[in-house]
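Here's input-v5.txt, which has compact mmCIF, C-alpha atoms:
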# COMPACT_ATOMS: atom_id res chain seq x y z
CA MET A 1 -2.92 15.86 -79.59
CA THR A 2 -0.70 15.75 -76.53
CA THR A 3 -2.09 16.68 -73.08
CA ALA A 4 0.34 18.01 -70.45
CA ASP A 5 -0.06 16.81 -66.83
CA GLU A 6 -0.40 19.51 -64.21
CA ALA A 7 0.05 19.22 -60.45
CA GLU A 8 -0.23 21.76 -57.70
CA ASP A 9 0.80 21.34 -54.09
CA SER A 10 -1.34 22.22 -51.07
CA ASP A 11 0.39 23.01 -47.82
CA VAL A 12 -0.87 21.05 -44.79
CA ASN A 13 -0.32 22.44 -41.33
CA VAL A 14 -1.13 20.49 -38.16
CA SER A 15 -1.16 21.88 -34.65
CA VAL A 16 -0.69 19.16 -32.01
CA GLY A 17 -2.08 19.85 -28.58
CA GLU A 18 -0.20 19.41 -25.31
CA VAL A 19 -1.01 15.94 -23.98
CA THR A 20 0.82 14.02 -21.27
CA GLU A 21 -0.17 10.35 -21.48
CA LEU A 22 1.63 7.16 -20.56
CA ASP A 23 0.52 3.76 -21.82
CA VAL A 24 1.35 0.73 -19.65
CA LYS A 25 1.01 -2.74 -21.10
CA PRO A 26 0.05 -5.43 -20.41
CA ASP A 27 -2.78 -4.03 -18.31
CA GLU A 28 -3.39 -7.34 -16.52
CA LEU A 29 -0.92 -9.77 -14.99
CA VAL A 30 -1.89 -13.19 -13.66
CA TYR A 31 0.45 -15.17 -11.41
CA SER A 32 0.35 -18.37 -9.40
CA GLY A 33 2.68 -19.74 -6.75
CA ASP A 34 3.10 -21.18 -3.29
CA PRO A 35 4.06 -19.42 -0.04
CA GLY A 36 7.74 -18.56 -0.09
CA GLU A 37 8.01 -18.38 -3.89
CA PHE A 38 9.20 -15.53 -6.11
CA ASN A 39 7.59 -15.69 -9.57
CA THR A 40 9.00 -13.49 -12.35
CA THR A 41 6.76 -14.77 -15.18
CA ASP A 42 2.98 -14.42 -15.39
CA ALA A 43 0.59 -16.96 -16.94
CA SER A 44 1.00 -15.42 -20.42
CA GLY A 45 4.78 -15.39 -20.22
CA PHE A 46 5.09 -11.68 -19.44
CA GLU A 47 8.19 -10.76 -17.46
CA ALA A 48 7.97 -6.97 -17.69
CA ILE A 49 5.63 -4.06 -18.28
CA GLU A 50 6.30 -1.62 -21.12
CA LEU A 51 5.95 2.11 -20.47
CA ALA A 52 5.25 4.07 -23.67
CA ASN A 53 4.82 7.81 -24.08
CA ILE A 54 1.72 8.02 -26.31
CA GLY A 55 1.13 11.70 -25.68
CA SER A 56 2.69 14.74 -27.29
CA GLU A 57 4.79 16.10 -24.42
CA GLU A 58 7.98 14.66 -23.04
CA ILE A 59 7.67 12.87 -19.70
CA ASN A 60 10.37 13.65 -17.16
CA GLN A 61 8.85 12.21 -14.00
CA ILE A 62 7.51 8.69 -13.42
CA SER A 63 6.55 7.08 -10.13
CA ALA A 64 4.92 3.81 -9.10
CA ARG A 65 2.71 2.62 -6.29
CA ALA A 66 0.79 -0.52 -5.36
CA THR A 67 -2.31 -1.15 -3.25
CA MET A 68 -2.00 -2.66 0.23
CA PRO A 69 -4.39 -4.49 2.60
CA ASP A 70 -6.17 -2.22 5.09
CA GLU A 71 -5.91 -4.76 7.91
CA ASN A 72 -3.58 -7.57 8.87
CA PRO A 73 -4.52 -10.56 6.67
CA PHE A 74 -2.18 -13.06 8.30
CA GLY A 75 -3.98 -15.51 10.56
CA SER A 76 -7.38 -14.74 9.03
CA GLY A 77 -7.51 -17.87 6.87
CA ASP A 78 -9.31 -15.78 4.24
CA SER A 79 -7.57 -15.14 0.91
CA ASP A 80 -9.98 -12.25 0.22
CA VAL A 81 -8.32 -10.18 2.97
CA TYR A 82 -4.96 -10.17 1.19
CA ASN A 83 -4.02 -7.71 -1.54
CA THR A 84 -1.84 -8.64 -4.50
CA GLY A 85 -0.33 -5.15 -4.59
CA ASN A 86 1.53 -6.11 -1.42
CA PHE A 87 3.29 -8.90 -3.38
CA ILE A 88 4.57 -6.84 -6.35
CA LYS A 89 8.30 -6.38 -6.87
CA MET A 90 9.96 -4.28 -9.56
CA TRP A 91 13.49 -4.03 -10.88
CA THR A 92 15.33 -2.45 -13.79
CA ASP A 93 17.51 -5.05 -15.55
CA SER A 94 15.61 -4.73 -18.84
CA ALA A 95 15.62 -0.93 -18.68
CA ALA A 96 19.43 -0.91 -18.69
CA ASN A 97 19.33 -1.31 -22.48
CA VAL A 98 17.30 1.84 -23.22
CA SER A 99 19.03 4.95 -24.52
CA PHE A 100 18.40 7.12 -21.45
CA ALA A 101 19.04 4.39 -18.85
CA SER A 102 21.53 6.57 -17.00
CA ASP A 103 18.70 8.99 -16.21
CA LEU A 104 16.48 6.42 -14.51
CA ASP A 105 16.60 7.72 -10.95
CA VAL A 106 15.84 4.49 -9.10
CA SER A 107 19.06 4.13 -7.17
CA ASP A 108 21.47 6.43 -5.41
CA SER A 109 24.53 4.97 -7.12
CA SER A 110 23.38 3.44 -10.41
CA ASN A 111 20.50 3.05 -12.81
CA ASP A 112 20.23 -0.65 -12.03
CA ILE A 113 18.41 -2.15 -9.07
CA SER A 114 17.54 -5.65 -7.87
CA PRO A 115 13.93 -6.73 -7.16
CA HIS A 116 12.30 -4.55 -4.50
CA TYR A 117 8.71 -4.08 -3.37
CA LEU A 118 7.11 -0.95 -4.79
CA ASN A 119 5.70 -0.56 -1.31
CA ARG A 120 4.65 -3.12 1.28
CA VAL A 121 2.75 -2.79 4.56
CA GLU A 122 3.36 -4.95 7.62
CA TYR A 123 1.04 -4.85 10.62
CA ARG A 124 1.80 -5.25 14.29
CA GLU A 125 1.74 -8.87 15.46
CA GLU A 126 -1.27 -9.38 17.72
CA ASP A 127 0.04 -12.76 18.86
CA VAL A 128 3.80 -12.38 19.19
CA PRO A 129 5.79 -15.63 18.95
CA SER A 130 6.77 -16.84 22.42
CA TYR A 131 10.48 -16.91 21.53
CA ILE A 132 10.67 -13.17 20.73
CA GLN A 133 12.24 -11.24 23.62
CA THR A 134 11.57 -7.52 24.07
CA LEU A 135 11.99 -4.92 26.78
CA GLU A 136 8.29 -5.00 27.67
CA ASP A 137 7.35 -6.02 31.18
CA SER A 138 4.34 -8.21 31.99
CA GLU A 139 2.02 -5.23 31.51
CA GLY A 140 3.43 -4.32 28.12
CA VAL A 141 5.34 -1.26 29.37
CA VAL A 142 8.89 -0.30 28.42
CA ASP A 143 10.81 1.74 30.96
CA GLU A 144 12.49 4.87 29.61
CA SER A 145 15.90 3.76 30.89
CA ASP A 146 15.83 0.65 28.69
CA VAL A 147 15.66 2.46 25.34
CA THR A 148 18.10 5.26 24.67
CA GLU A 149 15.69 7.56 22.83
CA LEU A 150 12.47 6.66 24.63
CA GLY A 151 11.31 9.83 26.39
CA SER A 152 8.93 8.17 28.84
CA ASP A 153 7.29 4.84 29.58
CA GLY A 154 6.29 3.25 26.31
CA ALA A 155 5.36 0.12 24.43
CA ALA A 156 6.88 -2.37 22.02
CA ASP A 157 5.17 -3.39 18.79
CA VAL A 158 6.56 -6.52 17.15
CA GLY A 159 6.27 -7.07 13.41
CA ARG A 160 7.86 -8.96 10.52
CA PHE A 161 9.44 -7.65 7.36
CA ARG A 162 8.35 -10.50 5.10
CA ALA A 163 10.30 -11.36 1.94
CA GLY A 164 9.12 -14.63 0.43
CA ASP A 165 10.78 -17.53 2.23
CA VAL A 166 12.41 -15.36 4.90
CA GLU A 167 11.13 -12.96 7.57
CA TYR A 168 13.02 -10.34 9.55
CA PHE A 169 11.46 -9.55 12.91
CA TYR A 170 11.43 -5.97 14.09
CA VAL A 171 10.39 -4.16 17.27
CA LEU A 172 9.02 -0.63 17.23
CA TYR A 173 9.65 0.95 20.62
CA HIS A 174 7.47 4.01 21.08
CA GLU A 175 5.90 6.19 23.73
CA ASP A 176 2.62 4.58 24.72
CA SER A 177 0.71 7.86 24.73
CA GLY A 178 2.69 9.52 22.00
CA SER A 179 2.03 10.57 18.45
CA ASN A 180 0.45 8.23 15.90
CA THR A 181 3.56 8.73 13.80
CA CYS A 182 5.74 6.95 16.45
CA SER A 183 8.33 9.58 15.61
CA GLY A 184 10.79 11.90 17.24
CA SER A 185 12.98 11.36 20.27
CA ASP A 186 10.48 8.95 21.83
CA SER A 187 10.83 6.12 19.30
CA GLU A 188 13.25 3.65 17.79
CA LEU A 189 12.91 0.85 15.24
CA TRP A 190 15.03 -2.23 15.99
CA VAL A 191 15.41 -4.64 13.05
CA GLY A 192 16.78 -8.17 13.28
CA THR A 193 19.49 -8.84 10.73
CA ASP A 194 19.30 -12.64 10.91
CA GLY A 195 16.35 -13.96 8.91
CA HIS A 196 13.70 -16.32 10.25
CA THR A 197 13.10 -19.24 7.86
CA SER A 198 11.59 -22.71 7.97
CA THR A 199 14.93 -23.99 9.28
CA GLU A 200 16.47 -20.99 11.09
CA LEU A 201 15.15 -19.09 14.12
CA GLY A 202 16.72 -15.77 13.14
CA THR A 203 17.05 -12.77 15.46
CA PHE A 204 14.83 -13.24 18.50
CA ASP A 205 16.44 -11.12 21.27
CA PHE A 206 15.49 -7.44 21.07
CA THR A 207 16.70 -6.41 24.53
CA ASP A 208 20.12 -5.05 23.51
CA ASP A 209 20.52 -2.71 20.54
CA SER A 210 24.28 -3.26 20.55
CA ALA A 211 23.88 -6.94 19.67
CA GLU A 212 25.47 -8.04 16.40
CA ASP A 213 22.16 -9.24 14.96
CA VAL A 214 20.13 -6.10 15.76
CA GLU A 215 20.15 -2.75 13.95
CA ALA A 216 18.53 0.22 15.73
CA TYR A 217 17.16 3.21 13.81
CA ASP A 218 15.89 6.62 14.92
CA ILE A 219 12.52 7.79 13.60
CA ALA A 220 11.88 11.33 12.35
CA ASP A 221 8.53 13.10 12.02
CA GLY A 222 7.40 12.63 8.44
CA GLY A 223 4.06 14.41 8.72
CA ALA A 224 1.37 11.75 8.35
CA PHE A 225 3.88 9.07 9.41
CA GLY A 226 7.11 8.65 11.19
CA VAL A 227 9.95 7.96 8.78
CA VAL A 228 13.20 6.21 9.65
CA ASP A 229 15.88 8.83 9.14
CA THR A 230 18.18 6.64 7.06
CA THR A 231 18.17 3.61 4.76
CA VAL A 232 16.77 0.46 6.37
CA GLU A 233 18.38 -2.79 5.29
CA VAL A 234 16.05 -5.79 5.06
CA GLY A 235 18.26 -8.69 4.10
CA ASP A 236 19.91 -7.68 0.82
CA GLU A 237 17.27 -5.04 0.05
CA GLU A 238 17.23 -1.36 1.02
CA TYR A 239 14.10 0.67 1.75
CA THR A 240 12.67 3.85 3.14
CA VAL A 241 10.48 2.82 6.09
CA HIS A 242 7.45 4.69 7.43
CA THR A 243 5.89 3.99 10.82
CA TYR A 244 2.39 4.41 12.19
CA CYS A 245 1.13 3.73 15.72
CA ASP A 246 -2.58 3.89 16.50
CA GLU A 247 -3.31 5.07 20.04
CA ASP A 248 -6.90 3.80 19.90
CA ASN A 249 -6.27 0.45 18.21
CA ARG A 250 -2.72 -0.82 18.55
CA ASN A 251 -3.38 -3.62 16.05
CA ASP A 252 -3.74 -0.96 13.33
CA GLY A 253 -0.11 -0.03 13.92
CA HIS A 254 2.01 -0.71 10.84
CA THR A 255 5.19 -0.07 8.94
CA ILE A 256 5.47 0.60 5.21
CA ARG A 257 8.70 -0.01 3.32
CA THR A 258 8.99 1.63 -0.07
CA ARG A 259 11.50 1.86 -2.89
CA PHE A 260 9.47 3.30 -5.79
CA ASN A 261 6.47 4.97 -4.09
CA VAL A 262 7.55 8.47 -3.07
CA GLU A 263 4.12 9.62 -1.84
CA VAL A 264 3.08 6.81 0.47
CA THR A 265 -0.55 6.64 1.62
CA SER A 266 -1.54 4.60 4.67
CA PRO A 267 -4.05 1.84 3.85
CA VAL A 268 -5.61 2.43 7.29
CA THR A 269 -5.92 6.23 7.39
CA ASP A 270 -5.83 7.08 3.64
CA VAL A 271 -3.48 9.90 4.60
CA GLY A 272 -0.30 10.35 2.58
CA ASP A 273 3.22 11.56 3.15
CA GLN A 274 5.09 14.16 1.14
CA ASP A 275 7.64 13.00 -1.39
CA GLU A 276 10.46 15.08 0.08
CA ASN A 277 10.10 13.31 3.43
CA THR A 278 10.36 9.95 1.70
CA GLN A 279 13.31 10.87 -0.53
CA ASP A 280 15.26 12.73 2.16
CA ASN A 281 15.17 9.79 4.58
CA GLY A 282 16.10 6.74 2.53
CA PRO A 283 16.60 5.27 -0.94
CA SER A 284 13.04 5.55 -2.27
CA ARG A 285 13.03 7.47 -5.56
CA TYR A 286 11.01 8.27 -8.64
CA ILE A 287 11.63 5.79 -11.46
CA LEU A 288 12.43 8.78 -13.64
CA ASP A 289 12.98 12.31 -12.36
CA SER A 290 15.23 14.32 -14.63
CA ASP A 291 15.57 17.88 -15.88
CA SER A 292 18.13 16.91 -18.51
CA ALA A 293 16.49 13.89 -20.13
CA ALA A 294 13.00 12.57 -20.61
CA LEU A 295 10.85 9.91 -22.23
CA GLN A 296 10.05 11.50 -25.57
CA PRO A 297 6.72 11.07 -27.42
CA GLY A 298 6.74 7.71 -29.18
CA ALA A 299 9.51 6.26 -26.98
CA SER A 300 9.11 3.41 -24.52
CA PHE A 301 11.07 1.27 -22.05
CA PRO A 302 10.44 -1.88 -19.98
CA LEU A 303 10.40 -2.44 -16.22
CA ASP A 304 10.76 -5.95 -14.84
CA VAL A 305 7.96 -7.05 -12.49
CA GLY A 306 7.11 -10.15 -10.49
CA ILE A 307 5.36 -11.26 -7.34
CA GLU A 308 6.75 -12.66 -4.11
CA ILE A 309 4.39 -14.66 -1.91
CA PRO A 310 5.38 -14.65 1.77
CA PHE A 311 4.98 -17.53 4.17
CA GLY A 312 1.54 -17.80 5.76
CA VAL A 313 -0.70 -16.63 2.88
CA ALA A 314 -4.09 -18.41 2.83
CA GLU A 315 -4.80 -20.58 -0.23
CA GLY A 316 -7.26 -19.38 -2.84
CA GLU A 317 -7.55 -16.79 -5.58
CA ILE A 318 -6.57 -13.25 -4.57
CA ASP A 319 -8.16 -10.93 -7.09
CA GLN A 320 -7.85 -7.52 -5.48
CA GLY A 321 -4.77 -5.45 -6.03
CA THR A 322 -3.39 -2.97 -8.55
CA MET A 323 -0.11 -1.37 -9.56
CA THR A 324 -0.28 2.25 -10.71
CA ILE A 325 2.34 4.07 -12.78
CA GLU A 326 2.07 7.87 -12.81
CA ALA A 327 3.71 10.17 -15.36
CA ALA A 328 4.16 13.93 -15.46
CA ASN A 329 5.82 16.75 -17.32
CA THR A 330 7.05 19.01 -14.55
CA GLU A 331 8.49 21.74 -16.79
Just give me the structure of the file as structure tokens.
Amino acid sequence: MTTADEAEDSDVNVSVGEVTELDVKPDELVYSGDPGEFNTTDASGFEAIELANIGSEEINQISARATMPDENPFGSGDSDVYNTGNFIKMWTDSAANVSFASDLDVSDSSNDISPHYLNRVEYREEDVPSYIQTLEDSEGVVDESDVTELGSDGAADVGRFRAGDVEYFYVLYHEDSGSNTCSGSDSELWVGTDGHTSTELGTFDFTDDSAEDVEAYDIADGGAFGVVDTTVEVGDEEYTVHTYCDEDNRNDGHTIRTRFNVEVTSPVTDVGDQDENTQDNGPSRYILDSDSAALQPGASFPLDVGIEIPFGVAEGEIDQGTMTIEAANTE
């Protein structure tokens, strides 16, 4: 007797919820190096982080930020005061191979960018090198006639834009009793264009903003900060720069340069700035910010990362510091 096989189909329907979730791996990076070194490979051989959309919605906006020290660590002799987030650089060479590379909004002119700090804070120098010349008199006062945009008697804060084995001195001229943002018509940021290294003095004279090795920038009101109203060149790198001057404690005064963090938060005040102020006044951008293309569920792409250790970092293990990648579906 022959038995006939029978089969019957059952329809299966699945409803997937709306989930926006980005996975970033590896979730720990371990580096070593000496002051002045740029290290692009961690202890496990990782040279990039991989961003994967593990949710169900497309992701059309991605930003990045890194932690920063809440006081000036240089001169402390204590490695615990430093923050590794202040060492992190990111670039997009590896991402150039992904299918939607042209939509990575990390540069004004192309989808490809050289290593830049996500964000980095620099504090006012309490002990200014004796060779640095500013417009301050013996009492630390700058006369209004000496600085074009200085509205009244003011002060000069000296700092360094550190970049591994080179430093670019800057002077922030601001009204002594003015706003904590150091912004508006009463302030200017003068940046030396010649780098200070172990063999070269670099720009040291900040008494003439028409000098060939000095670039002067106006500062706009950015809300929680001042923000330089155009791109600031630091060596071969370009940043948006925020300024903060503390009337009560001048040593808390600081600058923050950013390329990938569009909503900068001061490590001193925990107050942030709005993304439009950052994007309208320099090159800082979202990593991805597109209405026409997005990172689809199941897709991923890499971002190159590394650390740059400036001169003058105390020896020891620095174990505090994080990099955060944020994703959103803005539609």
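Near stretch 124-130 of chain A, within 6 Å and counting all atoms listed in the file, sit Asp157, Val158, Gly159, Asn251, Gly253 and His254 of chain A; same-chain residues fewer than 4 positions away were not included.
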Keeping only C-alpha atoms, write the selected residues as a PDB file, in the frame of the given file.
ATOM      1  CA  ASP A 157       5.170  -3.390  18.790  1.00  0.00           C
ATOM      2  CA  VAL A 158       6.560  -6.520  17.150  1.00  0.00           C
ATOM      3  CA  GLY A 159       6.270  -7.070  13.410  1.00  0.00           C
ATOM      4  CA  ASN A 251      -3.380  -3.620  16.050  1.00  0.00           C
ATOM      5  CA  GLY A 253      -0.110  -0.030  13.920  1.00  0.00           C
ATOM      6  CA  HIS A 254       2.010  -0.710  10.840  1.00  0.00           C
TER       7      HIS A 254
END
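Using all atoms listed in the file, the nearest neighbour of A:Ala328 within the list A:Ser15, A:Lys25, A:Tyr286, A:Ser76 is A:Tyr286.
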Self-check item: atom CA of A:Thr240 to atom CA of A:Val262, straight-line distance in Å
Solution: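 Pair atom CA of A:Val262 / atom CA of A:Thr240 returns 9.3 Å.
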Exercise. Just the residues within 8 Å of A:Gly195, please, counting only C-alpha atoms, with nothing from its chain fewer than 4 positions along; format it as an MDAnalysis selection string.
Key: chainID A and resid 166:169 200:203 235
Practice problem: Would you list the residues near (20.0, -2.5, 0.6), meaning any protein, DNA or RNA residue with an atom at most 12 Å from that point in file coordinates, counting only C-alpha atoms, as a ChimeraX atom specification? | Solution: /A:107-109,113-116,193,230-240,257-259,282-284
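Interatomic distance, atom CA of A:Gly154 against atom CA of A:Asn72: 22.8 Å.
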Quiz prompt | Exercise: A:His174 partners within 6 Å, all atoms listed in the file, chain neighbours under 4 positions left out, as a list in words | solution =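 Near A:His174, the qualifying residues are Gly154, Ala155, Cys182, Asp186 and Ser187 of chain A.
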C-alpha atoms of the current selection, written as a PDB file, in the coordinates of the input:
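Output file again07.pdb is given in full below:
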ATOM      1  CA  GLY A 154       6.290   3.250  26.310  1.00  0.00           C
ATOM      2  CA  ALA A 155       5.360   0.120  24.430  1.00  0.00           C
ATOM      3  CA  CYS A 182       5.740   6.950  16.450  1.00  0.00           C
ATOM      4  CA  ASP A 186      10.480   8.950  21.830  1.00  0.00           C
ATOM      5  CA  SER A 187      10.830   6.120  19.300  1.00  0.00           C
TER       6      SER A 187
END
Quiz item: Within 6 Å of stretch 78-93 of chain A, counting all atoms listed in the file, which residues qualify if same-chain residues fewer than 2 places away don't, as a PyMOL selection string?
Solution: chain A and resi 66-69+73+76+95-96+112-118+120+303-308+314+316+318+320-322
Quiz item: Contacts of A:Leu295 at 10 Å or less, counting all atoms listed in the file, minus same-chain residues fewer than 5 places along, as JSON, numbers by chain?
Solution: {"A": [22, 51, 52, 53, 57, 58, 59, 60, 61, 62, 99, 100, 103, 288, 290, 300, 301, 327, 329]}
Quiz item: From the list A:Glu122, A:Asp319, A:Glu188, A:Glu37, which residue is nearest A:Thr255 when using only C-alpha atoms?
Solution: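 Checking each of A:Glu122, A:Asp319, A:Glu188, A:Glu37 against A:Thr255, counting only C-alpha atoms, the winner is A:Glu122.
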Quiz item: Which one of A:His242, A:Arg285, A:His196, A:Arg160 sits closest to A:Phe260 if you count all atoms listed in the file?
Solution: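 Nearest candidate to A:Phe260 out of A:His242, A:Arg285, A:His196, A:Arg160: A:Arg285.
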Practice problem: May I ask which of the residues A:Tyr173, A:Phe311, A:Phe204, A:Phe46 is the closest one to A:Val142, counting all atoms listed in the file? | Solution: A:Tyr173
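Distance check against A:Pro267 using only C-alpha atoms: of A:Glu212, A:Asp70, A:Asp165, A:Glu18, the minimum falls on A:Asp70.
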Exercise. Give me, please, the distance in Å between atom CA of A:Ile256 and atom CA of A:Glu326, quoted to one decimal.
Key: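 Going from atom CA of A:Ile256 over to atom CA of A:Glu326 covers 19.7 Å.
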